[in-house]
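Structure file coords38.txt (compact mmCIF, N, CA and C atoms) is printed below.
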# COMPACT_ATOMS: atom_id res chain seq x y z
N MET K 185 20.11 35.17 8.02
CA MET K 185 19.89 33.80 8.44
C MET K 185 21.23 33.18 8.84
N HIS K 186 21.22 32.52 9.95
CA HIS K 186 22.42 31.82 10.39
C HIS K 186 22.57 30.53 9.60
N LEU K 187 23.80 30.18 9.31
CA LEU K 187 24.08 28.96 8.57
C LEU K 187 23.96 27.73 9.46
N ALA K 188 24.01 27.93 10.77
CA ALA K 188 24.00 26.79 11.69
C ALA K 188 22.67 26.04 11.69
N TYR K 189 21.57 26.74 11.54
CA TYR K 189 20.26 26.07 11.62
C TYR K 189 20.04 25.06 10.50
N PRO K 190 20.20 25.45 9.24
CA PRO K 190 20.04 24.42 8.20
C PRO K 190 21.14 23.36 8.22
N ALA K 191 22.34 23.73 8.66
CA ALA K 191 23.42 22.75 8.73
C ALA K 191 23.13 21.68 9.79
N VAL K 192 22.62 22.09 10.94
CA VAL K 192 22.26 21.13 11.99
C VAL K 192 21.10 20.25 11.53
N LEU K 193 20.12 20.86 10.88
CA LEU K 193 19.00 20.06 10.37
C LEU K 193 19.48 19.06 9.32
N ALA K 194 20.40 19.48 8.47
CA ALA K 194 20.94 18.57 7.46
C ALA K 194 21.72 17.43 8.10
N VAL K 195 22.47 17.73 9.14
CA VAL K 195 23.21 16.67 9.83
C VAL K 195 22.24 15.67 10.48
N LEU K 196 21.18 16.18 11.08
CA LEU K 196 20.19 15.29 11.69
C LEU K 196 19.50 14.41 10.64
N LEU K 197 19.12 15.02 9.51
CA LEU K 197 18.51 14.24 8.43
C LEU K 197 19.46 13.19 7.89
N PHE K 198 20.73 13.56 7.72
CA PHE K 198 21.70 12.61 7.20
C PHE K 198 21.93 11.47 8.19
N CYS K 199 21.97 11.78 9.48
CA CYS K 199 22.16 10.72 10.49
C CYS K 199 20.97 9.78 10.54
N VAL K 200 19.76 10.29 10.43
CA VAL K 200 18.58 9.43 10.39
C VAL K 200 18.61 8.54 9.16
N GLY K 201 19.00 9.11 8.02
CA GLY K 201 19.11 8.32 6.80
C GLY K 201 20.19 7.26 6.90
N LEU K 202 21.32 7.61 7.49
CA LEU K 202 22.41 6.64 7.66
C LEU K 202 22.00 5.50 8.58
N TYR K 203 21.29 5.84 9.66
CA TYR K 203 20.78 4.80 10.55
C TYR K 203 19.81 3.89 9.80
N GLY K 204 18.97 4.46 8.98
CA GLY K 204 18.02 3.66 8.21
C GLY K 204 18.70 2.73 7.23
N VAL K 205 19.77 3.19 6.60
CA VAL K 205 20.50 2.34 5.65
C VAL K 205 21.19 1.19 6.38
N LEU K 206 21.77 1.48 7.54
CA LEU K 206 22.54 0.47 8.26
C LEU K 206 21.68 -0.49 9.07
N ALA K 207 20.50 -0.05 9.53
CA ALA K 207 19.72 -0.87 10.45
C ALA K 207 18.54 -1.59 9.80
N ARG K 208 18.07 -1.12 8.68
CA ARG K 208 16.87 -1.71 8.08
C ARG K 208 17.20 -2.90 7.22
N ARG K 209 16.24 -3.81 7.12
CA ARG K 209 16.40 -4.99 6.27
C ARG K 209 15.52 -4.93 5.04
N ASN K 210 14.48 -4.13 5.07
CA ASN K 210 13.58 -4.02 3.94
C ASN K 210 14.20 -3.09 2.90
N ALA K 211 14.21 -3.52 1.66
CA ALA K 211 14.86 -2.74 0.60
C ALA K 211 14.16 -1.41 0.35
N ILE K 212 12.85 -1.38 0.50
CA ILE K 212 12.11 -0.12 0.30
C ILE K 212 12.52 0.91 1.35
N LEU K 213 12.66 0.48 2.60
CA LEU K 213 13.07 1.40 3.65
C LEU K 213 14.52 1.86 3.47
N VAL K 214 15.36 1.00 2.92
CA VAL K 214 16.74 1.41 2.62
C VAL K 214 16.74 2.48 1.55
N LEU K 215 15.91 2.31 0.52
CA LEU K 215 15.83 3.34 -0.53
C LEU K 215 15.28 4.66 0.02
N MET K 216 14.31 4.58 0.93
CA MET K 216 13.79 5.81 1.54
C MET K 216 14.86 6.50 2.39
N SER K 217 15.69 5.71 3.04
CA SER K 217 16.77 6.29 3.85
C SER K 217 17.82 6.95 2.97
N VAL K 218 18.10 6.37 1.82
CA VAL K 218 19.03 7.00 0.88
C VAL K 218 18.46 8.34 0.40
N GLU K 219 17.15 8.38 0.19
CA GLU K 219 16.52 9.64 -0.21
C GLU K 219 16.64 10.70 0.88
N LEU K 220 16.52 10.29 2.15
CA LEU K 220 16.71 11.24 3.24
C LEU K 220 18.13 11.81 3.23
N MET K 221 19.10 10.95 2.97
CA MET K 221 20.48 11.40 2.92
C MET K 221 20.69 12.38 1.76
N LEU K 222 20.09 12.10 0.61
CA LEU K 222 20.21 13.02 -0.53
C LEU K 222 19.52 14.35 -0.24
N ASN K 223 18.40 14.32 0.47
CA ASN K 223 17.73 15.58 0.82
C ASN K 223 18.56 16.39 1.81
N ALA K 224 19.30 15.74 2.69
CA ALA K 224 20.20 16.47 3.59
C ALA K 224 21.29 17.17 2.79
N VAL K 225 21.82 16.50 1.78
CA VAL K 225 22.83 17.12 0.92
C VAL K 225 22.22 18.30 0.16
N ASN K 226 21.00 18.13 -0.33
CA ASN K 226 20.34 19.23 -1.05
C ASN K 226 20.12 20.43 -0.14
N LEU K 227 19.75 20.18 1.11
CA LEU K 227 19.55 21.28 2.06
C LEU K 227 20.86 22.03 2.29
N ASN K 228 21.95 21.30 2.41
CA ASN K 228 23.26 21.95 2.56
C ASN K 228 23.63 22.77 1.32
N LEU K 229 23.38 22.22 0.15
CA LEU K 229 23.70 22.95 -1.08
C LEU K 229 22.95 24.27 -1.16
N VAL K 230 21.67 24.26 -0.87
CA VAL K 230 20.87 25.49 -0.94
C VAL K 230 21.27 26.46 0.17
N ALA K 231 21.53 25.94 1.37
CA ALA K 231 21.91 26.82 2.48
C ALA K 231 23.24 27.53 2.20
N PHE K 232 24.21 26.79 1.69
CA PHE K 232 25.49 27.43 1.39
C PHE K 232 25.39 28.36 0.19
N ASP K 233 24.50 28.07 -0.74
CA ASP K 233 24.29 28.97 -1.87
C ASP K 233 23.72 30.30 -1.39
N VAL K 234 22.76 30.24 -0.48
CA VAL K 234 22.19 31.48 0.06
C VAL K 234 23.20 32.21 0.92
N TRP K 235 23.96 31.48 1.70
CA TRP K 235 24.93 32.10 2.61
C TRP K 235 26.06 32.78 1.86
N LEU K 236 26.52 32.16 0.77
CA LEU K 236 27.61 32.74 -0.01
C LEU K 236 27.14 33.78 -1.02
N ARG K 237 25.84 33.91 -1.22
CA ARG K 237 25.23 34.87 -2.16
C ARG K 237 25.83 34.75 -3.55
N ASP K 238 25.80 33.53 -4.02
CA ASP K 238 26.36 33.23 -5.34
C ASP K 238 25.48 33.86 -6.42
N LYS K 239 26.10 34.55 -7.35
CA LYS K 239 25.35 35.21 -8.43
C LYS K 239 24.78 34.20 -9.42
N LEU K 240 25.48 33.09 -9.62
CA LEU K 240 25.02 32.08 -10.57
C LEU K 240 24.08 31.07 -9.95
N HIS K 241 23.95 31.07 -8.64
CA HIS K 241 23.10 30.10 -7.90
C HIS K 241 23.49 28.67 -8.26
N ALA K 242 24.78 28.40 -8.18
CA ALA K 242 25.30 27.08 -8.54
C ALA K 242 24.79 26.01 -7.59
N GLY K 243 24.63 26.34 -6.31
CA GLY K 243 24.13 25.37 -5.34
C GLY K 243 22.71 24.94 -5.65
N GLN K 244 21.88 25.88 -6.06
CA GLN K 244 20.50 25.54 -6.40
C GLN K 244 20.43 24.76 -7.71
N ALA K 245 21.28 25.09 -8.66
CA ALA K 245 21.31 24.33 -9.91
C ALA K 245 21.78 22.90 -9.66
N LEU K 246 22.78 22.74 -8.82
CA LEU K 246 23.26 21.40 -8.48
C LEU K 246 22.21 20.62 -7.70
N THR K 247 21.42 21.32 -6.90
CA THR K 247 20.32 20.68 -6.18
C THR K 247 19.28 20.13 -7.15
N LEU K 248 18.95 20.90 -8.18
CA LEU K 248 17.99 20.41 -9.18
C LEU K 248 18.53 19.19 -9.91
N PHE K 249 19.83 19.21 -10.22
CA PHE K 249 20.45 18.05 -10.86
C PHE K 249 20.41 16.84 -9.93
N THR K 250 20.66 17.04 -8.65
CA THR K 250 20.63 15.95 -7.68
C THR K 250 19.22 15.39 -7.53
N ILE K 251 18.22 16.24 -7.57
CA ILE K 251 16.83 15.77 -7.49
C ILE K 251 16.49 14.92 -8.71
N ALA K 252 16.94 15.34 -9.89
CA ALA K 252 16.68 14.56 -11.10
C ALA K 252 17.37 13.19 -11.05
N VAL K 253 18.61 13.17 -10.58
CA VAL K 253 19.33 11.90 -10.45
C VAL K 253 18.66 11.01 -9.40
N ALA K 254 18.20 11.60 -8.31
CA ALA K 254 17.53 10.82 -7.26
C ALA K 254 16.20 10.24 -7.76
N ALA K 255 15.50 10.99 -8.59
CA ALA K 255 14.24 10.47 -9.14
C ALA K 255 14.51 9.27 -10.06
N ALA K 256 15.54 9.36 -10.87
CA ALA K 256 15.89 8.23 -11.72
C ALA K 256 16.36 7.04 -10.89
N GLU K 257 17.12 7.31 -9.85
CA GLU K 257 17.62 6.24 -8.97
C GLU K 257 16.48 5.53 -8.26
N ILE K 258 15.51 6.27 -7.79
CA ILE K 258 14.42 5.63 -7.05
C ILE K 258 13.52 4.85 -8.01
N GLY K 259 13.37 5.32 -9.24
CA GLY K 259 12.59 4.57 -10.22
C GLY K 259 13.23 3.24 -10.57
N ILE K 260 14.53 3.26 -10.83
CA ILE K 260 15.24 2.02 -11.16
C ILE K 260 15.32 1.13 -9.93
N GLY K 261 15.57 1.72 -8.77
CA GLY K 261 15.66 0.94 -7.54
C GLY K 261 14.36 0.23 -7.21
N LEU K 262 13.24 0.92 -7.36
CA LEU K 262 11.93 0.29 -7.10
C LEU K 262 11.64 -0.80 -8.11
N ALA K 263 12.04 -0.60 -9.35
CA ALA K 263 11.84 -1.65 -10.35
C ALA K 263 12.64 -2.89 -10.00
N ILE K 264 13.86 -2.71 -9.56
CA ILE K 264 14.69 -3.86 -9.16
C ILE K 264 14.11 -4.55 -7.94
N VAL K 265 13.66 -3.77 -6.96
CA VAL K 265 13.09 -4.37 -5.74
C VAL K 265 11.82 -5.14 -6.07
N LEU K 266 10.97 -4.61 -6.93
CA LEU K 266 9.75 -5.32 -7.31
C LEU K 266 10.06 -6.60 -8.07
N LEU K 267 11.05 -6.56 -8.92
CA LEU K 267 11.45 -7.76 -9.65
C LEU K 267 12.02 -8.82 -8.72
N VAL K 268 12.86 -8.40 -7.78
CA VAL K 268 13.41 -9.35 -6.80
C VAL K 268 12.31 -9.92 -5.92
N TYR K 269 11.36 -9.07 -5.51
CA TYR K 269 10.25 -9.56 -4.67
C TYR K 269 9.39 -10.55 -5.44
N ARG K 270 9.18 -10.27 -6.70
CA ARG K 270 8.38 -11.18 -7.52
C ARG K 270 9.07 -12.53 -7.70
N ASN K 271 10.38 -12.52 -7.86
CA ASN K 271 11.12 -13.77 -8.07
C ASN K 271 11.43 -14.51 -6.78
N ARG K 272 11.74 -13.80 -5.72
CA ARG K 272 12.17 -14.43 -4.47
C ARG K 272 11.08 -14.51 -3.41
N GLY K 273 10.09 -13.63 -3.46
CA GLY K 273 9.05 -13.62 -2.44
C GLY K 273 9.41 -12.81 -1.22
N SER K 274 10.54 -12.15 -1.23
CA SER K 274 10.97 -11.33 -0.10
C SER K 274 11.86 -10.22 -0.61
N SER K 275 11.78 -9.06 0.05
CA SER K 275 12.68 -7.96 -0.29
C SER K 275 13.67 -7.72 0.85
N ASP K 276 13.92 -8.76 1.63
CA ASP K 276 14.87 -8.69 2.74
C ASP K 276 16.29 -8.56 2.19
N VAL K 277 16.98 -7.50 2.60
CA VAL K 277 18.30 -7.21 2.06
C VAL K 277 19.31 -8.29 2.49
N ASP K 278 19.16 -8.83 3.68
CA ASP K 278 20.10 -9.84 4.15
C ASP K 278 20.02 -11.13 3.33
N ARG K 279 18.87 -11.44 2.78
CA ARG K 279 18.72 -12.65 1.98
C ARG K 279 19.15 -12.45 0.54
N LEU K 280 19.45 -11.24 0.15
CA LEU K 280 19.79 -10.94 -1.24
C LEU K 280 21.29 -10.74 -1.44
N ARG K 281 22.10 -11.36 -0.64
CA ARG K 281 23.54 -11.17 -0.78
C ARG K 281 24.08 -11.81 -2.04
N ASP K 282 23.55 -12.96 -2.40
CA ASP K 282 24.04 -13.67 -3.57
C ASP K 282 22.87 -13.83 -4.53
N LEU K 283 22.86 -13.06 -5.60
CA LEU K 283 21.75 -13.10 -6.55
C LEU K 283 21.98 -14.09 -7.69
N ALA K 284 23.18 -14.61 -7.81
CA ALA K 284 23.46 -15.53 -8.90
C ALA K 284 23.00 -16.94 -8.54
N GLU K 285 22.61 -17.69 -9.56
CA GLU K 285 22.24 -19.07 -9.34
C GLU K 285 23.48 -19.93 -9.26
N ARG K 286 23.40 -21.00 -8.52
CA ARG K 286 24.51 -21.94 -8.45
C ARG K 286 24.50 -22.81 -9.69
N PRO K 287 25.66 -23.39 -10.03
CA PRO K 287 25.72 -24.22 -11.24
C PRO K 287 24.80 -25.44 -11.18
N ASP K 288 24.52 -25.97 -9.98
CA ASP K 288 23.66 -27.14 -9.88
C ASP K 288 22.18 -26.77 -9.91
N GLY K 289 21.86 -25.50 -10.01
CA GLY K 289 20.48 -25.06 -10.11
C GLY K 289 19.80 -24.83 -8.78
N SER K 290 20.52 -24.94 -7.66
CA SER K 290 19.89 -24.76 -6.36
C SER K 290 19.87 -23.28 -6.00
N ASP K 291 19.00 -22.95 -5.07
CA ASP K 291 18.83 -21.59 -4.62
C ASP K 291 19.89 -21.27 -3.58
N PRO K 292 20.71 -20.21 -3.74
CA PRO K 292 21.75 -19.90 -2.76
C PRO K 292 21.18 -19.48 -1.41
N ASN K 293 19.94 -18.99 -1.37
CA ASN K 293 19.33 -18.56 -0.12
C ASN K 293 18.47 -19.64 0.52
N ASP K 294 18.36 -20.78 -0.12
CA ASP K 294 17.54 -21.86 0.41
C ASP K 294 18.28 -22.55 1.55
N ASP K 295 17.54 -22.95 2.60
CA ASP K 295 18.16 -23.59 3.75
C ASP K 295 18.52 -25.04 3.50
N THR K 296 17.89 -25.68 2.55
CA THR K 296 18.17 -27.09 2.27
C THR K 296 19.13 -27.18 1.09
N PRO K 297 20.40 -27.49 1.35
CA PRO K 297 21.37 -27.52 0.25
C PRO K 297 21.16 -28.73 -0.65
N GLY K 298 21.46 -28.54 -1.93
CA GLY K 298 21.40 -29.64 -2.87
C GLY K 298 20.05 -29.83 -3.54
N ARG K 299 19.02 -29.14 -3.06
CA ARG K 299 17.71 -29.29 -3.67
C ARG K 299 17.61 -28.35 -4.86
N PRO K 300 17.30 -28.85 -6.04
CA PRO K 300 17.24 -27.97 -7.22
C PRO K 300 16.02 -27.06 -7.16
N ARG K 301 16.15 -25.92 -7.79
CA ARG K 301 15.05 -24.96 -7.86
C ARG K 301 14.04 -25.42 -8.89
N PRO K 302 12.77 -25.17 -8.66
CA PRO K 302 11.78 -25.52 -9.68
C PRO K 302 11.94 -24.62 -10.90
N ASP K 303 11.81 -25.21 -12.05
CA ASP K 303 11.96 -24.45 -13.28
C ASP K 303 10.60 -23.91 -13.70
N HIS K 304 10.43 -22.60 -13.56
CA HIS K 304 9.14 -21.97 -13.87
C HIS K 304 8.85 -21.98 -15.37
N ARG K 305 9.89 -21.97 -16.18
CA ARG K 305 9.68 -21.98 -17.63
C ARG K 305 9.15 -23.33 -18.08
N ALA K 306 9.58 -24.40 -17.45
CA ALA K 306 9.07 -25.72 -17.83
C ALA K 306 7.60 -25.88 -17.45
N GLU K 307 7.21 -25.27 -16.31
CA GLU K 307 5.81 -25.35 -15.89
C GLU K 307 4.93 -24.53 -16.83
N ALA K 308 5.43 -23.39 -17.29
CA ALA K 308 4.63 -22.55 -18.19
C ALA K 308 4.50 -23.19 -19.57
N ALA K 309 5.51 -23.94 -19.99
CA ALA K 309 5.45 -24.58 -21.31
C ALA K 309 4.52 -25.78 -21.32
N ALA K 310 4.33 -26.41 -20.16
CA ALA K 310 3.50 -27.62 -20.09
C ALA K 310 2.03 -27.34 -20.14

How does the structure come out when it is put into structure tokens?
Amino acid sequence: MHLAYPAVLAVLLFCVGLYGVLARRNAILVLMSVELMLNAVNLNLVAFDVWLRDKLHAGQALTLFTIAVAAAEIGIGLAIVLLVYRNRGSSDVDRLRDLAERPDGSDPNDDTPGRPRPDHRAEAAA
């Protein structure tokens, strides 16, 4: 097997993932693009492991470790995105630049400055 075929496929996958990270605004699509980039790295690891005929199969073992880390990353990432969507009503990455509240209680992403945010805890207590 030639090493060029999986290497070119990995480069194409990585470029599509990089374009998705840089061009998309939806957080779910950004996470999917990161997964594409990780799969391109995994393809390279396995291809070089086969090409070098490693007796320990270190490339394949590292690929399994990368898959486990990616699964944990996507689980935590989706939990964060769902929490942000529940609190903000949008998962737009451009609107999530500043997640901290201002000292006056206003929303940093709100277009009307100076207007305080409604306190959801006070409504639930009433």

Query - Which of K:Ile212, K:Leu206, K:Arg237, K:Phe232 sits closest to Gly261 (chain K) [using all atoms listed in the file] - result: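 Ranking K:Ile212, K:Leu206, K:Arg237, K:Phe232 by distance to Gly261 (chain K), first place goes to K:Ile212.
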
Query - Long-range neighbours of Val195 (chain K) as an MDAnalysis selection string, 12 Å cut-off, only C-alpha atoms, 3 positions minimum in chain - result: chainID K and resid 188:192 198:202 220:228

Report task. Would you please give, as a PyMOL selection string, all residues of region 196-284 of chain K that DSSP assigns to alpha helix (DSSP H) based on the backbone? Result -> chain K and resi 196-207+211-236+242-272

Query raised in the report: Closest to Leu248 (chain K) among K:Ala207, K:Leu213, K:Val230, K:Ala194, using only C-alpha atoms?
Result: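 The answer is K:Val230, which sits nearest to Leu248 (chain K).
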
Query raised in the report: In Å to one decimal, how far is CA of Leu197 (chain K) from CA of Thr250 (chain K)?
Result: 16.3 Å

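From CA of Leu236 (chain K) back to CA of Leu193 (chain K), the distance works out to 18.5 Å.
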